[in-house]
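Visitor: Attaching a single structure in structure tokens format; questions to follow.
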Amino acid sequence: MDIRKRVYETDVLVLGSSAAGCGAAIAARRAGAEVLLADKGKLESSGNLGGGNDHFMAVLDEVEHDGIEDMYAYYATPVSGLSRALVDRYYGAMRPCIQILEEAGVELMHNPDGSYMRSVGFGQPGPWWIHIHHGYNVKPLLAKYIRKLGVKTLDHFMVTRLIKDGSRIAGCAGFDVLKGDFITVRCKTAVLCMGLTAQRVSNNSTHKPFNLWFSPFVTGSQVMLPLEAGASVVNLDISDMATMLPKGWGAPGMNGINNMGGHELNARGERFMGKYDPMMENGLRRNQVMGTVNEMLEGSGPPFFMDMTHFSPEDARHLQYDLMPGDKETYLEYCEARNIDFTRTPMEVEVSERMIGALVRCNDAQETDIENLFTGCMIHTFSGAMCLGYTAGASAAEKAASVDMPTLREEALEGVQDSIYGMMNKGGKGTISWNVFEDGIRQIMDYYVGYQRTEGSMRQALKSFETLASYVPKLSAGTLRELMRSHESLELFRLCRCYVQACLQRKESGRAMYRRADYPELDPSLAKCLIARLDASGNPVFSWSDEVA
């Protein structure tokens with residue numbers, strides 16, 4: 001394969017054009033830095049936000065439980081991985097990011113008195129969630145705004161390695177997923193904005209790994225690249241995520257359904273969430289998911305339903321036709337095909353596939369263990385991503401103004417090109433494709449590391465992963481698309497192995513979206529964060545947040 005090489009240089013490199021990446025690029029560019037915004041996809045549609053969004057969370061000091069102290073209580077907990085200073089940064093960026101969205105043309109919805117239309121969601125004490133009209137337009141509008149600012153973009157660039165110069169970030173290397181070019185980027189500072197949790201690690205009822213809640217293209221690089229470069233990550237064991245989905249549909253809309261007053265019913269027709277959260281369906285996302293799982297274990301479902309038939313006609317219309325299509329534009333076609341009308345019959349729902357990930361450990365300025373490398377992905381929501389991306393970008397620009405350009409040493413790039421293209425055109429007997437390999441990952445995760453698990457099941461998962469590891473040298477890619485998918489599958493594989501080992505450390509239930517049948521109770525002594533890093537051999541090493549790593 002004839003490989004063309006391309007080299008870039010910039011003050012601030014933003015890795016990932018997600019909501020966080022957009023926030024980071026805007027802040028860094030406004031601060032006067034030269035910014036390169038790089039992503040495996042295209043800015044207009046990349047990241048979780050590329051599928052649309054129906055709400056933007058904002059604490060505005062306008063009503064009861066709408067201030068910074070409420071945010072501290074909700075976010076700055078012993079197991080969140082977020083300090084009060086980081087919550088301060090999030091809070092401080094909310095109004096600037098709202099202004100950016102409105103300047104970009106995003107339709108944040110208002111009440112007749114001119115205030116934002118907001119509602120309560122996910123166990124939060126106040127009405128923090130601003131409703132968005134035509135939420136599927138958010139990413140294209142932000143992309144247009146960013147390009148007008150003069151941010152340089154590098155679309156279709158898959159990063160496979162972060163490069164250091166001594167203890168500091170120097171850049172990265174990877175390849176163009178459409179053209180096959182080998183690409184290196186040198187930078188003064190960089191911001192990680194490649195997502196928070198990885199998809200395609202388990203199945204929903206459709207067994208279609210790209211019909212998912214969040215972006216199916218976030219597959220582990222956001223955790224494994226910084227880990228492999230020497231950073232630490234936080235809460236790999238309990239940063240997992242899940243939700244409820246309309247049956248056979250990969251976009252949830254559960255924030256709108258729950259916060260507008262939807263009732264979840266089990267197969268007996270009972271509204272059961274009061275057993276699991278005092279705020280019922282409007283409680284913590286974890287409690288709704290695990291409450292539904294528990295109902296299944298007790299034989300009270302499936303099926304499960306969300307009942308909106310008690311809504312007023314206007315509320316039902318707003319939910320079905322304004323909010324729900326914001327998460328995926330084709331939602332109304334799904335409703336038509338399934339004959340769904342919120343005013344007439346309850347909608348069947350199911351527990352979604354799971355996502356796993358971690359926070360990259362950072363200080364209060366969002367700088368990671370690697371000097372000059374910042375992180376913008378710390379909270380799952382559109383708001384959390386954009387706002388903390390915005391503050392990370394500002395910090396990265398400030399730091400870039402005071403440091404020299406590092407050296408991108410040849411020895412640091414040794415072997416990178418071979419590791420990228422080595423599986424191209426192997427072909428022949430005994431090779432396997434990325435999708436066969438990846439299906440094996442999901443089978444292991446679903447069977448041994450599901451919503452209920454034990455130490456024995458997780459150890460068996462690790463044994464099965466060892467078997468799967470023997471197939472890694474047999475991976476073959478005949479096209480650039482298959483090459484990209486193969487690297488994504490390897491990211492998933494490395495992440496899942498680390499995740500299972502992390503979950504073995506926390507011998508309790510109640511903080512994550514899974515239950516350990518061998519440790520079914522919450523252990524108060526484990527109200528702390530798990531820190532993970534890799535040793536010199538690439539094996540994960542764990543410590544707790546009150547211990548020296």
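The chains in the structure tokens are called A, B, ... from first to last as shown; in each chain the residues are counted from 1, and the ligands are counted from 1 in the order shown.
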Which residues, written as a PyMOL selection string, have at least one atom at most 9 Å from stretch 210-222 of chain A, with only C-alpha atoms counted and residues fewer than 2 positions away on the same chain left out?
Guide: chain A and resi 40-41+46-51+159-160+192-201+203-204+206-208+224-227+242-243+245+248-252+327+352-353+355-360+377+488-496
Visitor: When DSSP is applied to the backbone of this structure, which of stretch 254-482 of chain A are assigned strand (DSSP E or B)? Write them out as a ChimeraX atom specification.
Guide: /A:263-265,271,304-307,347-351,355-357,359-360,362,367-368,371,373-375,424,432,452-453,475,477
Visitor: So, counting only C-alpha atoms, which residue among A:Arg459, A:His131, A:Lys474, A:His487 is closest to A:Gly174?
Guide: A:His487
Visitor: Can you pull out every residue from stretch 199-347 of chain A that DSSP, working from the backbone, puts in alpha helix (DSSP H), and format the result as a count of residues only?
Guide: 45
Visitor: Would you mind reading off the distance between atom CA of A:Arg147 and atom CA of A:Tyr331, one decimal, in Å?
Guide: 29.2 Å
Visitor: Write out as a Markdown table a residue-level contact list of stretch 451-484 of chain A versus stretch 404-424 of chain A with cut-off 12 Å: for each qualifying residue the closest pair of atoms and the distance in Å to one decimal, counting only C-alpha atoms, rows sorted by chain and residue number upward.
Guide:
```
| residue | atom | partner | partner_atom | distance |
| --- | --- | --- | --- | --- |
| A:Val472 | CA | A:Met423 | CA | 9.8 |
| A:Pro473 | CA | A:Met423 | CA | 8.1 |
| A:Lys474 | CA | A:Met423 | CA | 8.1 |
| A:Leu475 | CA | A:Met423 | CA | 6.2 |
| A:Ser476 | CA | A:Met423 | CA | 4.9 |
| A:Ala477 | CA | A:Met424 | CA | 4.8 |
| A:Gly478 | CA | A:Met424 | CA | 5.8 |
| A:Thr479 | CA | A:Met424 | CA | 7.4 |
| A:Leu480 | CA | A:Met424 | CA | 8.3 |
| A:Arg481 | CA | A:Met424 | CA | 10.8 |
| A:Glu482 | CA | A:Met424 | CA | 8.7 |
| A:Leu483 | CA | A:Met424 | CA | 6.9 |
| A:Met484 | CA | A:Ile420 | CA | 9.2 |
```
Visitor: Since we have the selection now, will you write its residues out, keeping C-alpha atoms, as a PDB file, in the first residue's frame?
Guide:
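Wrote it out as out-v6.pdb, contents follow:
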```pdb
ATOM      1  CA  VAL A 472      -6.091 -10.278  17.282  1.00  0.00           C
ATOM      2  CA  PRO A 473      -3.165 -11.166  14.962  1.00  0.00           C
ATOM      3  CA  LYS A 474      -5.697 -12.692  12.546  1.00  0.00           C
ATOM      4  CA  LEU A 475      -7.664  -9.472  12.032  1.00  0.00           C
ATOM      5  CA  SER A 476      -7.710  -8.507   8.369  1.00  0.00           C
ATOM      6  CA  ALA A 477      -9.007  -5.409   6.583  1.00  0.00           C
ATOM      7  CA  GLY A 478      -9.538  -5.181   2.837  1.00  0.00           C
ATOM      8  CA  THR A 479     -10.710  -1.556   2.706  1.00  0.00           C
ATOM      9  CA  LEU A 480     -10.055   1.647   4.635  1.00  0.00           C
ATOM     10  CA  ARG A 481     -13.514   1.401   6.178  1.00  0.00           C
ATOM     11  CA  GLU A 482     -12.685  -2.082   7.438  1.00  0.00           C
ATOM     12  CA  LEU A 483      -9.343  -0.771   8.704  1.00  0.00           C
ATOM     13  CA  MET A 484     -11.129   1.892  10.755  1.00  0.00           C
TER      14      MET A 484
END
```
